[in-house]
Amino acid sequence: MKARRKLWAALILLAAFHGLILFAGFFAPYGFAVQDRDMPFAPPTRLHFTDARDRFHLRPFVYGLKDDPANPGAYAADTTQAYSLRFFVQGSPYKIAGIFETHLHFIGVSGDNRLFLMGTDGYGRDQLSRFLYGGQISLLAGLLAAALSVLLGILVGSLAGFYGGWIDELLMRGSEIFLALPWLYLLFAVRAALPLQIAEWQVFLLLVAVMGLIGWARPARLIRGVVLSAKERKFVLAARGFGASDAHLLLKHVLPQTYGVILTQIALLIPQYVLAEVTLSFLGLGVGEPMASWGTLLSSLQQYYILSSYWWMFLPALLLIPLFLAYYTTADALQERFKSVSL
Amino acid sequence: MRAHAQFEAGTHEPLMRVAGLSKRYAQRRPLTRAPFTISAFEDVNLTICRGTTLAIVGESGAGKSTLAKCMALLEKPTAGEIRFEGENLLELNRKALFPVRRAIQLIFQDPTSALNPRLTAEEIIAEPLAIQKISTKDGRRMRAQELMEQVGLPARSACKRPLEFSGGQRQRLAIARALALEPKLLILDEALSSLDLLNQQMILKLLADLRAAHSLTYIHISHDLRMVSEFADEVAVMSRRRIVEHKPAAELFACPEHPDTKALLAAMPSLESICLRRLA
Amino acid sequence: MRYIGRRIIHAVLLLLAVSFFSFLLLQLAPGDFFDAMRLNPQISQQTIQSIRSEYGLDKPLPIRYEHWLRSMLKGDLGYSLASNSPVAPLLRVRARNTLLLSGTATLLAWMLALPIGVWSAAKRGGWGDRIGNIATSAILTVPDLLLFLGLLLLAVRTGWFPTGGMISPGIDGADFWSEAKDIAFHLVLPALGLAVVMLPVLARHVRSATIEALESPFIRAARGHGIPRARLLFRYALPAASNPLISLFGFSVATMLSTSMLAEVILSWPGLGPLLIESIFSRDVYVVIAVVMLSSVFLVMGNLLADLLLFASDPRIRTGGE
């Protein structure tokens, strides 16, 4: 089935993406704050397989970069210096899970040279490494915020739907208030309520908390809808007849009906929240320098000369497309699957 | 299939006594918002003795299902009392009611909606035991399998889900579940209406066997008088929200008194009337 | 009539709740405008204190809220401490610009979404439908950020469009038409970008609503009467599909506001978005609340408008009550 294959492809892509980012320390050639002031705005390093003498090498190699005399500010390949690409090299130290320190990197070049597969920014920082590390911030923010929103949505939606009455009224009116505010405005307003200069991890946590707290309204309404119809089912009534407590009814009979909605909402919310974090950081209101977040990577594009001259600065944004595509495909597939299961 | 008399000789205390039971709903007219009440049933009085089978009949929509749910303590009536083994159940709070629930169980009309499609047969039957905190997980599983055999379901289908069973088998499953708590009173709310005739007969036989084995008392809600005439000891006729006649079955069918009863009996197709109509 | 009254009251109450909520939010801010001043040793605590009490910033919360609400309703939105001018006129200009942009973009988006959606529904399953589906999916997965940056790049590289702002320098004072043309010229990129971002969701909903309408019995009857295709689609099916579409319109106002903020910042359109960002950086409390409230007002108004349109167009609502 074509739909099945699409779903699997999407899930594999997601796993690969998240895997790479999870182990950013290993896959990134360098740390995210490592600067190379001699190499600002270097274009992505080209990998060569045949050298100047037309010899084919199985192991690709890169040329060193030197200033181009003909083009001030640009770089030209220095064919006298060739460095081969190596795997599993020793490089700058990093910590796995913040505990184990190691020097092992997946990729690198021999010698003193540098490998910039995605180019560098104004401070000569490798964009690939910053992309991977940035992903840790942006993706994690998206995942955590989505989880928070959905958890709140489950809580509110099931209580409102199951008990009805004034609880339902109160909670739904509350959700209306949240839905009445354009979410980006609300997000910014709450960000405004926070001091501008606070520790990075605090910014991160607060950001996640705020995004999560803003977005619970829609999942809550959807879950409430399912709960309303689910609680009328005869088997729920039968369980009541055995003396089941409300908790038992909710956990064993009613909530399992909402799994489809929950999964779909998560798959839809994650890209939305990742984008929210990126937007915030892009505008300078998220995590700050030197911390990399996909948003901060892109923020320099607001300057015209960077925008038009250094195309590789766009890459982080372009790479978001397959990621989002994978998430949306998953959400679509989940919706299809659970539409047919509900009786 | 004729019913037999009580088992426990000397028990003159009826199992359940329903007095003055009513259920009313407060509604408002759509545009004017004027309040008015709808009643599902009014002033119902019934006495059910141990070991008997009472059938409550009437046209569809006469409030029988709601009455069944009230008697099974799944809904709260607005007035009256339900005395079970002497105690008024409507006065008990939730905690006190908890152990009593074991004694009264309801079988629904549509077995498919009464069984959670996500659970296996074993889980479904074991659930009431788990809720009432009886035995251990393994003990419950064994009991579930015992019950399945008692209702005539093969033990190896314990891991199947309701949708994998046929309609008749699902109703058996529902019955097995109801029996798990060793109830004294079983209320069947049109439990046979969704089944074909063959299955109806099989389930009726099963119910008769079970009654003998477990000393059960039944209340059958039905609109099918012909089927009722086969197994009921007593019949109560419900019409326009009230019980209009309540007699031993034989008497009712032989000499009905109330005009509504007579109307119901008249509408019941008998072999002669079918033949007559076809000839005409 | 009662229905309209109820919706209006509902909207007002909602806005009241929102106002209190946003006010509360801002009061939780641990820092305020005077942080920078406090760090300056030359300005004494008393000076800061007296400035604060002058602006009424040291009274208890309920009083401040009541104060604020009252003056807001009178039209006085407070004072912008950063730009040293009352908030209301500042907001008025920016709000007008945002409405201009959002309104144009919405119009554009719907003008495109309706024909695309209806046509996809008509040619359901065929080539056109599938292309439409792929195109809308493609647009959906591209982050808005990227789209607007792309448009900016286009402007910078080709010079066909202005790269920002609303008016070219020097135009001010010229006659109405040249000013209008100039503004329109500046409007193209941001409005186009916004419209493209909104398009996929709208087109998809139009499509599904039209499909549902086409399958209803009375359309089939009309077809049986031999009514020509185009007329059938636009004079019969579309009005029947209008109920969910009007609700969608109300809903799209919310997302439109959020998305336009980003567009305004990237393409330098002087609307509420950039104002909000600036005031956050300068911790200009009153401006921030005012902007958030205003955006919420727009949103609630949009929904109310949608409710009223629904009321006017769908007879079922008029007779059914709630």
# chains A, B, ... in the order shown; residues from 1 in each chain; ligands from 1

$ interface_residues --of "chain B" --to "chain A" --cutoff "7 Å" --atoms "only C-alpha atoms" --output "list in words"
Leu74, Phe98, Arg101, Arg102, Gln105, Ser113, Ala114, Leu115, Asn116, Pro128 and Ile131 of chain B

$ write_last_selection --atoms "N, CA and C atoms" --output "PDB file, in the first residue's frame"
ATOM      1  N   LEU B  74     -28.251   1.736  37.170  1.00  0.00           N
ATOM      2  CA  LEU B  74     -27.432   2.477  36.230  1.00  0.00           C
ATOM      3  C   LEU B  74     -27.978   3.877  35.991  1.00  0.00           C
ATOM      4  N   PHE B  98     -21.428  -0.263  46.481  1.00  0.00           N
ATOM      5  CA  PHE B  98     -20.397  -1.012  45.759  1.00  0.00           C
ATOM      6  C   PHE B  98     -20.564  -2.538  45.869  1.00  0.00           C
ATOM      7  N   ARG B 101     -23.735  -4.038  44.058  1.00  0.00           N
ATOM      8  CA  ARG B 101     -23.774  -4.093  42.608  1.00  0.00           C
ATOM      9  C   ARG B 101     -23.510  -5.487  42.074  1.00  0.00           C
ATOM     10  N   ARG B 102     -22.832  -6.287  42.888  1.00  0.00           N
ATOM     11  CA  ARG B 102     -22.547  -7.640  42.421  1.00  0.00           C
ATOM     12  C   ARG B 102     -23.825  -8.425  42.209  1.00  0.00           C
ATOM     13  N   GLN B 105     -27.266  -7.502  37.831  1.00  0.00           N
ATOM     14  CA  GLN B 105     -26.560  -7.212  36.582  1.00  0.00           C
ATOM     15  C   GLN B 105     -27.523  -7.049  35.424  1.00  0.00           C
ATOM     16  N   SER B 113     -22.220  -3.090  21.175  1.00  0.00           N
ATOM     17  CA  SER B 113     -21.856  -1.835  21.816  1.00  0.00           C
ATOM     18  C   SER B 113     -21.611  -2.027  23.302  1.00  0.00           C
ATOM     19  N   ALA B 114     -22.053  -3.152  23.850  1.00  0.00           N
ATOM     20  CA  ALA B 114     -21.853  -3.365  25.284  1.00  0.00           C
ATOM     21  C   ALA B 114     -20.491  -3.939  25.603  1.00  0.00           C
ATOM     22  N   LEU B 115     -19.732  -4.298  24.576  1.00  0.00           N
ATOM     23  CA  LEU B 115     -18.418  -4.881  24.806  1.00  0.00           C
ATOM     24  C   LEU B 115     -17.352  -3.973  24.195  1.00  0.00           C
ATOM     25  N   ASN B 116     -16.332  -3.692  24.952  1.00  0.00           N
ATOM     26  CA  ASN B 116     -15.258  -2.824  24.474  1.00  0.00           C
ATOM     27  C   ASN B 116     -14.472  -3.531  23.368  1.00  0.00           C
ATOM     28  N   PRO B 128     -15.111  -7.141  35.532  1.00  0.00           N
ATOM     29  CA  PRO B 128     -15.878  -6.940  36.761  1.00  0.00           C
ATOM     30  C   PRO B 128     -15.167  -7.500  37.995  1.00  0.00           C
ATOM     31  N   ILE B 131     -12.578  -4.984  38.942  1.00  0.00           N
ATOM     32  CA  ILE B 131     -13.157  -3.791  39.553  1.00  0.00           C
ATOM     33  C   ILE B 131     -13.550  -4.063  40.988  1.00  0.00           C
TER      34      ILE B 131
END

$ closest_atom_pairs --of "chain A" --to "chain C" --cutoff "8 Å" --atoms "only C-alpha atoms" --output "JSON lines"
{"residue": "A:Glu176", "atom": "CA", "partner": "C:Leu14", "partner_atom": "CA", "distance": 7.8}
{"residue": "A:Ile177", "atom": "CA", "partner": "C:Val18", "partner_atom": "CA", "distance": 6.1}
{"residue": "A:Ala180", "atom": "CA", "partner": "C:Ser296", "partner_atom": "CA", "distance": 6.2}
{"residue": "A:Leu181", "atom": "CA", "partner": "C:Ser296", "partner_atom": "CA", "distance": 5.1}
{"residue": "A:Pro182", "atom": "CA", "partner": "C:Ala254", "partner_atom": "CA", "distance": 5.3}
{"residue": "A:Trp183", "atom": "CA", "partner": "C:Ser258", "partner_atom": "CA", "distance": 6.5}
{"residue": "A:Leu184", "atom": "CA", "partner": "C:Ser258", "partner_atom": "CA", "distance": 5.2}
{"residue": "A:Tyr185", "atom": "CA", "partner": "C:Val292", "partner_atom": "CA", "distance": 6.1}
{"residue": "A:Leu186", "atom": "CA", "partner": "C:Val292", "partner_atom": "CA", "distance": 6.9}
{"residue": "A:Phe188", "atom": "CA", "partner": "C:Ile277", "partner_atom": "CA", "distance": 7.8}
{"residue": "A:Ala189", "atom": "CA", "partner": "C:Val288", "partner_atom": "CA", "distance": 6.7}
{"residue": "A:Val190", "atom": "CA", "partner": "C:Leu25", "partner_atom": "CA", "distance": 6.7}
{"residue": "A:Ala192", "atom": "CA", "partner": "C:Ile280", "partner_atom": "CA", "distance": 5.2}
{"residue": "A:Ala193", "atom": "CA", "partner": "C:Ala29", "partner_atom": "CA", "distance": 4.2}
{"residue": "A:Leu194", "atom": "CA", "partner": "C:Ala29", "partner_atom": "CA", "distance": 5.6}
{"residue": "A:Pro195", "atom": "CA", "partner": "C:Gly31", "partner_atom": "CA", "distance": 5.7}
{"residue": "A:Leu196", "atom": "CA", "partner": "C:Phe281", "partner_atom": "CA", "distance": 7.7}
{"residue": "A:Leu275", "atom": "CA", "partner": "C:Pro143", "partner_atom": "CA", "distance": 7.3}
{"residue": "A:Thr279", "atom": "CA", "partner": "C:Leu145", "partner_atom": "CA", "distance": 7.3}
{"residue": "A:Leu301", "atom": "CA", "partner": "C:Leu149", "partner_atom": "CA", "distance": 7.7}
{"residue": "A:Gln302", "atom": "CA", "partner": "C:Ile266", "partner_atom": "CA", "distance": 6.9}
{"residue": "A:Tyr304", "atom": "CA", "partner": "C:Val156", "partner_atom": "CA", "distance": 7.0}
{"residue": "A:Leu307", "atom": "CA", "partner": "C:Leu153", "partner_atom": "CA", "distance": 6.3}
{"residue": "A:Ser308", "atom": "CA", "partner": "C:Leu153", "partner_atom": "CA", "distance": 6.1}
{"residue": "A:Ala317", "atom": "CA", "partner": "C:Leu146", "partner_atom": "CA", "distance": 6.1}
{"residue": "A:Leu318", "atom": "CA", "partner": "C:Leu146", "partner_atom": "CA", "distance": 7.5}
{"residue": "A:Leu320", "atom": "CA", "partner": "C:Pro143", "partner_atom": "CA", "distance": 7.5}
{"residue": "A:Ile321", "atom": "CA", "partner": "C:Val142", "partner_atom": "CA", "distance": 5.5}
{"residue": "A:Pro322", "atom": "CA", "partner": "C:Thr141", "partner_atom": "CA", "distance": 7.9}
{"residue": "A:Phe324", "atom": "CA", "partner": "C:Thr141", "partner_atom": "CA", "distance": 5.7}
{"residue": "A:Leu325", "atom": "CA", "partner": "C:Thr141", "partner_atom": "CA", "distance": 5.5}
{"residue": "A:Tyr328", "atom": "CA", "partner": "C:Thr141", "partner_atom": "CA", "distance": 7.8}

$ write_last_selection --atoms "N, CA and C atoms" --output "tab-separated table (two decimals), in the first residue's frame"
chain	number	residue	atom	x	y	z
A	176	GLU	N	-11.55	29.17	25.40
A	176	GLU	CA	-11.91	30.20	24.43
A	176	GLU	C	-11.03	31.41	24.54
A	177	ILE	N	-10.67	31.76	25.78
A	177	ILE	CA	-9.81	32.91	25.97
A	177	ILE	C	-8.48	32.69	25.29
A	180	ALA	N	-8.75	33.00	21.69
A	180	ALA	CA	-9.08	34.33	21.20
A	180	ALA	C	-7.85	35.20	21.01
A	181	LEU	N	-6.72	34.70	21.45
A	181	LEU	CA	-5.50	35.47	21.28
A	181	LEU	C	-4.68	34.87	20.16
A	182	PRO	N	-4.25	35.69	19.22
A	182	PRO	CA	-3.39	35.14	18.17
A	182	PRO	C	-2.15	34.59	18.84
A	183	TRP	N	-1.85	33.35	18.58
A	183	TRP	CA	-0.88	32.68	19.42
A	183	TRP	C	0.51	33.30	19.39
A	184	LEU	N	0.90	33.80	18.25
A	184	LEU	CA	2.23	34.37	18.17
A	184	LEU	C	2.32	35.65	19.00
A	185	TYR	N	1.27	36.45	18.94
A	185	TYR	CA	1.21	37.66	19.76
A	185	TYR	C	1.28	37.29	21.24
A	186	LEU	N	0.51	36.28	21.60
A	186	LEU	CA	0.48	35.87	23.00
A	186	LEU	C	1.85	35.38	23.42
A	188	PHE	N	4.74	36.19	22.22
A	188	PHE	CA	5.63	37.33	22.37
A	188	PHE	C	5.32	38.12	23.63
A	189	ALA	N	4.04	38.27	23.89
A	189	ALA	CA	3.67	39.03	25.08
A	189	ALA	C	4.20	38.36	26.34
A	190	VAL	N	4.03	37.04	26.38
A	190	VAL	CA	4.53	36.34	27.56
A	190	VAL	C	6.05	36.42	27.62
A	192	ALA	N	7.68	38.81	26.63
A	192	ALA	CA	7.96	40.16	27.12
A	192	ALA	C	7.90	40.22	28.63
A	193	ALA	N	7.07	39.35	29.21
A	193	ALA	CA	6.95	39.37	30.66
A	193	ALA	C	8.19	38.82	31.34
A	194	LEU	N	9.02	38.16	30.58
A	194	LEU	CA	10.22	37.59	31.17
A	194	LEU	C	11.38	38.55	31.02
A	195	PRO	N	12.25	38.56	31.99
A	195	PRO	CA	13.39	39.47	31.86
A	195	PRO	C	14.22	39.11	30.63
A	196	LEU	N	14.83	40.10	30.06
A	196	LEU	CA	15.58	39.87	28.83
A	196	LEU	C	16.88	39.12	29.06
A	275	LEU	N	8.71	25.56	14.79
A	275	LEU	CA	8.69	26.81	14.03
A	275	LEU	C	8.54	28.01	14.96
A	279	THR	N	11.11	30.99	15.14
A	279	THR	CA	10.70	32.37	14.92
A	279	THR	C	11.15	33.26	16.08
A	301	LEU	N	20.21	36.48	8.37
A	301	LEU	CA	19.68	36.70	7.03
A	301	LEU	C	18.86	37.97	6.94
A	302	GLN	N	18.60	38.57	8.09
A	302	GLN	CA	17.84	39.81	8.02
A	302	GLN	C	18.68	40.94	7.44
A	304	TYR	N	20.68	42.47	4.50
A	304	TYR	CA	20.56	42.28	3.06
A	304	TYR	C	21.80	41.67	2.42
A	307	LEU	N	21.96	38.13	3.05
A	307	LEU	CA	20.86	37.45	2.38
A	307	LEU	C	21.18	37.18	0.92
A	308	SER	N	21.79	38.18	0.26
A	308	SER	CA	21.95	38.00	-1.18
A	308	SER	C	23.29	37.41	-1.57
A	317	ALA	N	17.17	26.63	6.93
A	317	ALA	CA	15.74	26.76	6.67
A	317	ALA	C	15.28	25.71	5.67
A	318	LEU	N	16.11	25.47	4.65
A	318	LEU	CA	15.72	24.50	3.64
A	318	LEU	C	15.64	23.10	4.23
A	320	LEU	N	14.63	22.33	7.00
A	320	LEU	CA	13.40	22.18	7.79
A	320	LEU	C	12.30	21.55	6.95
A	321	ILE	N	12.36	21.77	5.63
A	321	ILE	CA	11.27	21.30	4.77
A	321	ILE	C	11.09	19.79	4.84
A	322	PRO	N	12.14	19.00	4.61
A	322	PRO	CA	11.92	17.55	4.71
A	322	PRO	C	11.49	17.14	6.11
A	324	PHE	N	9.60	18.83	8.27
A	324	PHE	CA	8.17	19.10	8.42
A	324	PHE	C	7.34	18.17	7.55
A	325	LEU	N	7.85	17.92	6.35
A	325	LEU	CA	7.14	17.02	5.46
A	325	LEU	C	6.96	15.66	6.12
A	328	TYR	N	4.26	15.95	8.82
A	328	TYR	CA	2.91	16.07	8.29
A	328	TYR	C	2.44	14.78	7.66

$ interface_residues --of "chain B" --to "chain C" --cutoff "12 Å" --atoms "only C-alpha atoms" --output "MDAnalysis selection string"
chainID B and resid 29:33

$ select_by_dssp --residues "region 25-268 of chain B" --states "strand (DSSP E or B)" --output "JSON, numbers by chain"
{"B": [25, 26, 27, 28, 35, 36, 37, 38, 39, 40, 41, 42, 43, 44, 45, 46, 47, 48, 53, 54, 55, 56, 57, 79, 80, 81, 82, 83, 84, 87, 88, 104, 105, 106, 107, 185, 186, 187, 188, 189, 217, 218, 219, 220, 221, 222, 234, 235, 236, 237, 238, 239, 242, 243, 244, 245, 246, 247, 248]}

$ closest_residue --among "C:Ser120, C:Asn133, C:Asn243, C:Ser268" --to "Arg207 (chain C)" --atoms "only C-alpha atoms"
C:Ser120

$ residues_around --residues "Gly284 (chain A)" --least-positions-apart "3" --cutoff "10 Å" --atoms "only C-alpha atoms" --output "list in words"
Val278, Thr279, Leu280, Ser281, Val287, Gly288, Glu289, Gly295, Thr296 and Ser299 of chain A; Ile277 and Phe281 of chain C

$ residues_around --residues "region 48-60 of chain B" --least-positions-apart "5" --cutoff "6 Å" --atoms "only C-alpha atoms" --output "short mmCIF file (atom, residue, chain, number, x, y, z; two decimals) with C-alpha atoms, in the first residue's frame"
data_model
loop_
_atom_site.label_atom_id
_atom_site.label_comp_id
_atom_site.auth_asym_id
_atom_site.auth_seq_id
_atom_site.Cartn_x
_atom_site.Cartn_y
_atom_site.Cartn_z
CA GLN B 6 -38.90 -21.23 43.69
CA PRO B 14 -39.34 -11.18 47.77
CA LEU B 15 -35.94 -10.66 46.23
CA MET B 16 -36.75 -7.22 44.95
CA LEU B 216 -30.87 -16.92 39.35
CA THR B 217 -33.84 -14.67 39.11
CA TYR B 218 -34.59 -13.03 35.78
CA ILE B 219 -36.34 -9.93 34.63
CA HIS B 220 -36.88 -9.98 30.87
CA ILE B 221 -37.75 -6.79 29.09
CA SER B 222 -39.27 -7.61 25.76
CA HIS B 223 -41.75 -6.54 23.17
CA ALA B 232 -42.03 -16.31 31.61
CA ASP B 233 -43.53 -17.11 35.02
CA GLU B 234 -45.09 -13.70 35.45
CA VAL B 235 -45.81 -10.95 33.00
CA ALA B 236 -46.14 -7.24 33.67
CA VAL B 237 -47.60 -5.13 30.93
CA MET B 238 -46.34 -1.62 30.56
CA SER B 239 -48.36 0.89 28.66
#

$ atom_distance --atom1 "CA of Arg4 (chain A)" --atom2 "CA of Asp332 (chain A)"
11.1 Å

$ residues_around --residues "Phe26 (chain A)" --least-positions-apart "5" --cutoff "8 Å" --atoms "only C-alpha atoms" --output "JSON, numbers by chain"
{"A": [104, 105, 106]}

$ atom_distance --atom1 "CA of Asp38 (chain A)" --atom2 "CA of Tyr123 (chain A)"
8.5 Å

$ atom_distance --atom1 "CA of Arg235 (chain C)" --atom2 "CA of Pro200 (chain C)"
23.4 Å

$ select_by_dssp --residues "region 19-98 of chain A" --states "alpha helix (DSSP H)" --output "VMD selection string"
chain A and resid 19 to 22 24 to 27

$ write_last_selection --atoms "C-alpha atoms" --output "PDB file, in the first residue's frame"
ATOM      1  CA  GLY A  19      19.223  10.433  15.695  1.00  0.00           C
ATOM      2  CA  LEU A  20      21.695  12.741  14.044  1.00  0.00           C
ATOM      3  CA  ILE A  21      20.651  15.602  16.252  1.00  0.00           C
ATOM      4  CA  LEU A  22      20.548  13.543  19.401  1.00  0.00           C
ATOM      5  CA  ALA A  24      25.148  15.992  17.607  1.00  0.00           C
ATOM      6  CA  GLY A  25      28.386  15.830  19.500  1.00  0.00           C
ATOM      7  CA  PHE A  26      29.412  12.769  17.547  1.00  0.00           C
ATOM      8  CA  PHE A  27      28.178  13.745  14.123  1.00  0.00           C
TER       9      PHE A  27
END

$ residues_around --residues "Asp129 (chain C)" --least-positions-apart "5" --cutoff "9 Å" --atoms "only C-alpha atoms" --output "count of residues only"
8

$ residues_around --residues "Thr136 (chain C)" --least-positions-apart "6" --cutoff "9 Å" --atoms "only C-alpha atoms" --output "ChimeraX atom specification"
/C:199-201,203-204

$ write_last_selection --atoms "N, CA and C atoms" --output "PDB file, in the first residue's frame"
ATOM      1  N   LEU C 199      -3.000  30.240   1.568  1.00  0.00           N
ATOM      2  CA  LEU C 199      -3.715  29.592   0.471  1.00  0.00           C
ATOM      3  C   LEU C 199      -3.994  28.099   0.660  1.00  0.00           C
ATOM      4  N   PRO C 200      -2.994  27.286   1.006  1.00  0.00           N
ATOM      5  CA  PRO C 200      -3.237  25.840   1.022  1.00  0.00           C
ATOM      6  C   PRO C 200      -4.398  25.431   1.926  1.00  0.00           C
ATOM      7  N   VAL C 201      -4.396  25.945   3.142  1.00  0.00           N
ATOM      8  CA  VAL C 201      -5.452  25.539   4.077  1.00  0.00           C
ATOM      9  C   VAL C 201      -6.820  25.936   3.537  1.00  0.00           C
ATOM     10  N   ALA C 203      -7.710  26.606   0.397  1.00  0.00           N
ATOM     11  CA  ALA C 203      -8.088  25.883  -0.811  1.00  0.00           C
ATOM     12  C   ALA C 203      -8.574  24.481  -0.466  1.00  0.00           C
ATOM     13  N   ARG C 204      -7.891  23.850   0.476  1.00  0.00           N
ATOM     14  CA  ARG C 204      -8.288  22.496   0.846  1.00  0.00           C
ATOM     15  C   ARG C 204      -9.672  22.460   1.451  1.00  0.00           C
TER      16      ARG C 204
END

$ closest_residue --among "B:Pro259, B:Pro99, B:Pro111, B:Pro117" --to "Leu173 (chain B)" --atoms "only C-alpha atoms"
B:Pro111

$ closest_residue --among "A:Leu228, A:Ala28, A:Ala3, A:Leu170" --to "Ser92 (chain A)" --atoms "only C-alpha atoms"
A:Ala28
